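Listing of final-v7.txt, compact mmCIF, C-alpha atoms
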# COMPACT_ATOMS: atom_id res chain seq x y z
CA ILE A 17 77.67 69.76 95.38
CA VAL A 18 74.62 68.44 93.51
CA GLN A 19 76.72 65.82 91.76
CA SER A 20 78.13 64.67 95.11
CA GLN A 21 74.63 64.47 96.58
CA ILE A 22 73.49 62.21 93.76
CA LEU A 23 76.54 59.97 94.10
CA ILE A 24 76.08 59.72 97.87
CA ALA A 25 72.41 58.87 97.39
CA GLU A 26 73.52 56.07 95.05
CA GLY A 27 75.61 54.64 97.88
CA HIS A 28 79.08 55.93 97.03
CA SER A 29 81.42 56.79 99.92
CA LEU A 30 82.48 60.38 100.61
CA HIS A 31 86.10 59.28 100.36
CA GLY A 32 85.69 56.83 97.49
CA GLU A 33 86.93 57.10 93.92
CA ARG A 34 83.73 58.75 92.65
CA VAL A 35 83.25 61.54 95.21
CA GLN A 36 86.94 61.88 96.19
CA ILE A 37 86.53 64.05 99.29
CA PRO A 38 89.71 63.78 101.41
CA LYS A 39 89.44 62.48 104.95
CA GLN A 40 89.66 65.01 107.77
CA GLU A 41 93.10 63.83 108.86
CA ASP A 42 94.41 64.29 105.30
CA LEU A 43 93.41 67.97 105.08
CA THR A 44 96.20 70.51 105.44
CA MET A 45 96.18 74.26 105.96
CA ASN A 46 98.63 76.61 104.29
CA GLY A 47 98.81 80.21 105.47
CA TYR A 48 96.08 82.56 106.67
CA ALA A 49 93.27 84.48 105.03
CA ILE A 50 91.21 87.49 106.08
CA GLN A 51 88.04 88.87 104.53
CA SER A 52 86.73 92.43 104.86
CA ARG A 53 83.28 93.50 103.73
CA VAL A 54 83.42 97.02 102.29
CA THR A 55 79.98 98.54 102.75
CA THR A 56 78.30 101.92 102.37
CA GLU A 57 77.89 102.20 106.12
CA ASP A 58 78.90 105.13 108.30
CA PRO A 59 80.82 103.84 111.35
CA LEU A 60 80.41 107.21 113.10
CA ASN A 61 76.62 107.00 112.76
CA ASP A 62 76.06 103.60 114.37
CA PHE A 63 76.95 101.95 111.04
CA MET A 64 73.84 103.32 109.35
CA PRO A 65 73.84 102.63 105.59
CA ASP A 66 74.60 105.68 103.47
CA THR A 67 72.91 106.36 100.14
CA GLY A 68 73.77 108.39 97.08
CA LYS A 69 75.71 108.22 93.84
CA ILE A 70 79.26 106.90 93.66
CA MET A 71 81.29 109.65 92.01
CA VAL A 72 84.66 107.86 92.10
CA TYR A 73 85.36 104.15 92.47
CA ARG A 74 88.79 102.55 92.35
CA SER A 75 89.62 99.27 94.05
CA GLY A 76 92.90 97.80 95.24
CA GLY A 77 94.35 94.44 94.24
CA GLY A 78 97.53 92.47 93.76
CA PHE A 79 99.04 89.09 94.57
CA GLY A 80 97.15 87.26 97.28
CA VAL A 81 94.14 89.60 97.00
CA ARG A 82 90.67 88.51 95.89
CA LEU A 83 87.78 90.89 95.18
CA ASP A 84 84.17 89.68 95.08
CA ALA A 85 82.53 92.76 93.65
CA GLY A 86 78.93 93.73 94.17
CA ASN A 87 77.26 96.93 93.01
CA GLY A 88 80.35 99.09 93.40
CA PHE A 89 81.30 101.08 90.30
CA GLN A 90 81.53 104.71 89.24
CA GLY A 91 78.08 106.12 88.61
CA ALA A 92 76.26 103.49 90.68
CA VAL A 93 73.32 104.77 92.70
CA ILE A 94 73.20 103.24 96.19
CA THR A 95 69.63 103.03 97.47
CA PRO A 96 68.32 102.12 100.94
CA HIS A 97 66.34 99.22 99.47
CA TYR A 98 69.18 96.73 99.04
CA ASP A 99 72.28 95.32 100.69
CA SER A 100 74.89 97.97 101.50
CA LEU A 101 77.74 95.65 100.46
CA LEU A 102 80.04 97.03 97.75
CA VAL A 103 82.80 94.42 97.59
CA LYS A 104 84.28 91.62 99.66
CA VAL A 105 88.07 91.87 99.95
CA SER A 106 90.04 88.73 100.84
CA THR A 107 93.78 88.59 101.41
CA GLN A 108 96.03 85.55 101.90
CA ALA A 109 99.58 85.26 103.23
CA LEU A 110 101.83 82.83 105.09
CA THR A 111 101.23 84.50 108.48
CA PHE A 112 98.19 86.20 109.99
CA ARG A 113 100.10 89.44 110.50
CA GLN A 114 101.15 89.46 106.84
CA ALA A 115 97.57 88.84 105.73
CA ALA A 116 96.41 91.75 107.89
CA SER A 117 99.16 93.99 106.52
CA LYS A 118 98.18 93.08 102.98
CA MET A 119 94.56 93.87 103.83
CA VAL A 120 95.52 97.30 105.15
CA ARG A 121 97.50 98.06 102.00
CA THR A 122 94.62 96.97 99.78
CA LEU A 123 92.01 98.96 101.69
CA LYS A 124 94.18 102.08 101.54
CA GLU A 125 94.32 101.76 97.76
CA PHE A 126 90.55 102.07 97.51
CA ARG A 127 89.14 105.40 96.37
CA ILE A 128 85.38 105.69 96.84
CA ARG A 129 83.81 109.15 96.71
CA GLY A 130 80.23 110.35 96.92
CA ILE A 131 79.12 108.09 99.76
CA LYS A 132 80.48 107.06 103.14
CA THR A 133 82.10 103.65 103.60
CA ASN A 134 83.43 101.60 106.49
CA ILE A 135 86.98 101.45 105.05
CA PRO A 136 88.58 103.70 107.72
CA PHE A 137 87.06 101.52 110.43
CA LEU A 138 88.29 98.31 108.77
CA ILE A 139 91.81 99.73 108.53
CA ASN A 140 91.80 100.60 112.23
CA VAL A 141 90.68 97.08 113.11
CA MET A 142 93.36 95.46 110.95
CA GLU A 143 96.08 97.61 112.47
CA HIS A 144 95.00 97.12 116.10
CA GLU A 145 97.33 94.91 118.12
CA GLN A 146 94.47 93.13 119.89
CA PHE A 147 93.12 92.02 116.52
CA ILE A 148 96.56 90.93 115.32
CA THR A 149 97.21 88.86 118.45
CA GLY A 150 93.66 87.55 118.75
CA GLU A 151 93.28 88.94 122.27
CA TYR A 152 89.77 90.37 121.91
CA ASP A 153 86.19 89.34 122.58
CA THR A 154 82.66 90.38 121.64
CA SER A 155 83.06 93.67 123.53
CA PHE A 156 85.99 94.68 121.29
CA LEU A 157 84.11 97.49 119.51
CA ASP A 158 82.48 98.89 122.65
CA SER A 159 85.71 98.90 124.66
CA THR A 160 88.02 100.22 121.92
CA PRO A 161 87.01 103.79 121.02
CA GLU A 162 90.19 104.36 119.02
CA LEU A 163 88.71 102.16 116.28
CA PHE A 164 86.44 105.09 115.47
CA ALA A 165 89.14 107.75 115.28
CA PHE A 166 89.57 108.41 111.56
CA PRO A 167 91.90 110.86 109.82
CA GLU A 168 90.09 113.51 107.83
CA SER A 169 89.96 112.66 104.14
CA ARG A 170 91.62 115.37 102.06
CA ASP A 171 90.17 114.03 98.80
CA ARG A 172 92.84 115.84 96.80
CA GLY A 173 92.10 114.05 93.53
CA THR A 174 88.43 115.03 93.41
CA LYS A 175 89.20 118.61 94.47
CA LEU A 176 91.80 118.93 91.71
CA LEU A 177 89.42 117.58 89.07
CA LYS A 178 86.69 119.97 90.20
CA TYR A 179 89.14 122.89 90.01
CA ILE A 180 90.27 121.95 86.52
CA GLY A 181 86.65 121.57 85.39
CA THR A 182 85.68 124.94 86.88
CA VAL A 183 88.63 126.75 85.31
CA THR A 184 88.03 125.07 81.96
CA LEU A 185 84.40 126.20 81.89
CA ASN A 186 84.52 129.54 83.68
CA GLY A 187 88.13 130.71 83.55
CA PHE A 188 89.67 132.39 86.60
CA PRO A 189 90.56 135.98 87.63
CA GLY A 190 92.82 137.59 85.06
CA ILE A 191 91.70 135.43 82.17
CA GLU A 192 88.39 136.15 80.52
CA LYS A 193 85.97 133.46 79.55
CA THR A 194 86.40 132.81 75.83
CA LYS A 195 84.51 130.84 73.28
CA LYS A 196 85.76 127.31 73.14
CA PRO A 197 87.55 126.34 69.91
CA VAL A 198 85.82 124.08 67.45
CA GLU A 199 87.27 121.72 64.92
CA SER A 200 88.58 123.66 61.91
CA GLU A 201 87.89 122.72 58.32
CA PRO A 202 90.03 119.78 57.20
CA ARG A 203 93.10 120.80 55.20
CA ILE A 204 93.09 119.16 51.80
CA PRO A 205 96.57 118.58 50.29
CA SER A 206 97.29 120.68 47.20
CA ILE A 207 99.09 117.83 45.45
CA PRO A 208 97.00 116.36 42.61
CA VAL A 209 95.82 112.82 43.05
CA ASP A 210 97.68 111.64 39.92
CA HIS A 211 100.94 113.27 41.03
CA LYS A 212 103.90 110.90 41.07
CA ILE A 213 105.05 110.19 44.61
CA GLN A 214 108.68 111.20 45.19
CA PRO A 215 111.03 108.51 46.46
CA GLY A 216 111.59 108.54 50.22
CA THR A 217 113.44 106.61 52.89
CA LYS A 218 111.66 103.35 52.03
CA GLN A 219 112.95 103.48 48.49
CA ILE A 220 116.47 104.42 49.64
CA LEU A 221 116.41 101.43 52.03
CA ASP A 222 115.37 99.13 49.22
CA GLU A 223 118.06 100.45 46.84
CA ARG A 224 121.07 100.98 49.12
CA GLY A 225 120.29 98.89 52.18
CA ALA A 226 120.60 99.89 55.85
CA ASP A 227 124.11 101.35 55.48
CA GLY A 228 123.06 103.45 52.52
CA LEU A 229 120.07 104.81 54.38
CA ALA A 230 122.26 105.60 57.40
Encoded form using structure tokens:
Amino acid sequence: IVQSQILIAEGHSLHGERVQIPKQEDLTMNGYAIQSRVTTEDPLNDFMPDTGKIMVYRSGGGFGVRLDAGNGFQGAVITPHYDSLLVKVSTQALTFRQAASKMVRTLKEFRIRGIKTNIPFLINVMEHEQFITGEYDTSFLDSTPELFAFPESRDRGTKLLKYIGTVTLNGFPGIEKTKKPVESEPRIPSIPVDHKIQPGTKQILDERGADGLA
């Protein structure tokens, strides 16, 4: 941009050989793109930003998917003093419906635990027929309560990890808590250092070849 500004100030044309910006009639569009902003906002609480520590963070991806990551990673502490944006997700496809479908798939692959996000809301928007067909206006959110109907997250992965951690540390009924094993003393071979190494498969291969070894 700065280079183009300097060239334009020197008198070069936007569409000349130096700047080389195509004319409006020469621009073409290929396919459709959608961008979703994944934030730490709670849709059920008037989109108020949520704060806390991200315990689990896994993003989606794939062909036609672009992620512009912000401060989203496992262990990140989300404070109320900065932008609630975690990552911008962009999807591209030949049709708008395909781009929306790809967005839904990508958002469903996200796993963010420890704080609330707007992912369930974004999925509902992408799957709504009014959004797909473009038949909506600025009252879309107020007049479409089903956008805020979210399935309850079962969070099976985190629950399983917590269970394994608890059992590992504390045991469970029927098995007493035992002292955890420690590394044993290293076993030193009893063969003297100057002992002649016996021939093995490498030597047989060298002497008899592959058929002899077989």
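Among A:Gly225, A:Lys218, A:Val72, A:Val35, the residue with the shortest atom-to-atom distance to Gln19 (chain A), counting all atoms listed in the file, is A:Val35.
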### Long-range neighbours of Ala92 (chain A) as a PyMOL selection string, 12 Å cut-off, only C-alpha atoms, 5 positions minimum in chain
chain A and resi 56+67-73+86-87+102+128-131
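For Thr217 (chain A), the set of protein, DNA and RNA residues having any atom at most 12 Å away, when counting all atoms listed in the file and skipping those fewer than 6 positions along the same chain, is Glu223, Arg224, Gly225, Ala226, Gly228, Leu229 and Ala230 of chain A.
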### Message
Between CA of Val198 (chain A) and CA of Gly181 (chain A), what is the distance in Å, rounded to a tenth?
### Response
18.1 Å
### Query
What gap, in Å, lies between CA of Leu221 (chain A) and CA of Ile207 (chain A)?
24.7 Å
### Message
Need to verify the contact set: Leu110 (chain A), 10 Å, all atoms listed in the file, exclusion of same-chain residues closer than 5 positions in sequence. Can you return it as JSON, numbers by chain?
### Response
{"A": [46, 47, 48, 49, 115]}
### Message
Restricting the calculation to all atoms listed in the file: of A:Thr149, A:Gln108, A:Thr194, A:Thr133, which residue gets closest to Leu60 (chain A)?
### Response
A:Thr133
### Query
What is the CA of Thr55 (chain A)-CA of Lys104 (chain A) distance in Å, reported with one decimal?
8.7 Å
### Task
Could you tell me which of A:Asp153, A:Asp84, A:Pro59, A:Lys132 comes closest to Ala165 (chain A) if we count all atoms listed in the file?
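Comparing A:Asp153, A:Asp84, A:Pro59, A:Lys132 against Ala165 (chain A), the winner is A:Pro59.
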### Task
Can you work out which one of A:His211, A:His31, A:Asp66, A:Arg127 has the shortest atom-to-atom distance to His97 (chain A), counting all atoms listed in the file?
A:Asp66
### Message
Env of Lys193 (chain A): 12 Å cut, atoms = all atoms listed in the file, seq-sep filter 4 positions within chain, self excluded. Answer as a list of chain:residue names.
### Response
A:Thr182, A:Val183, A:Thr184, A:Leu185, A:Asn186, A:Gly187, A:Phe188, A:Pro189
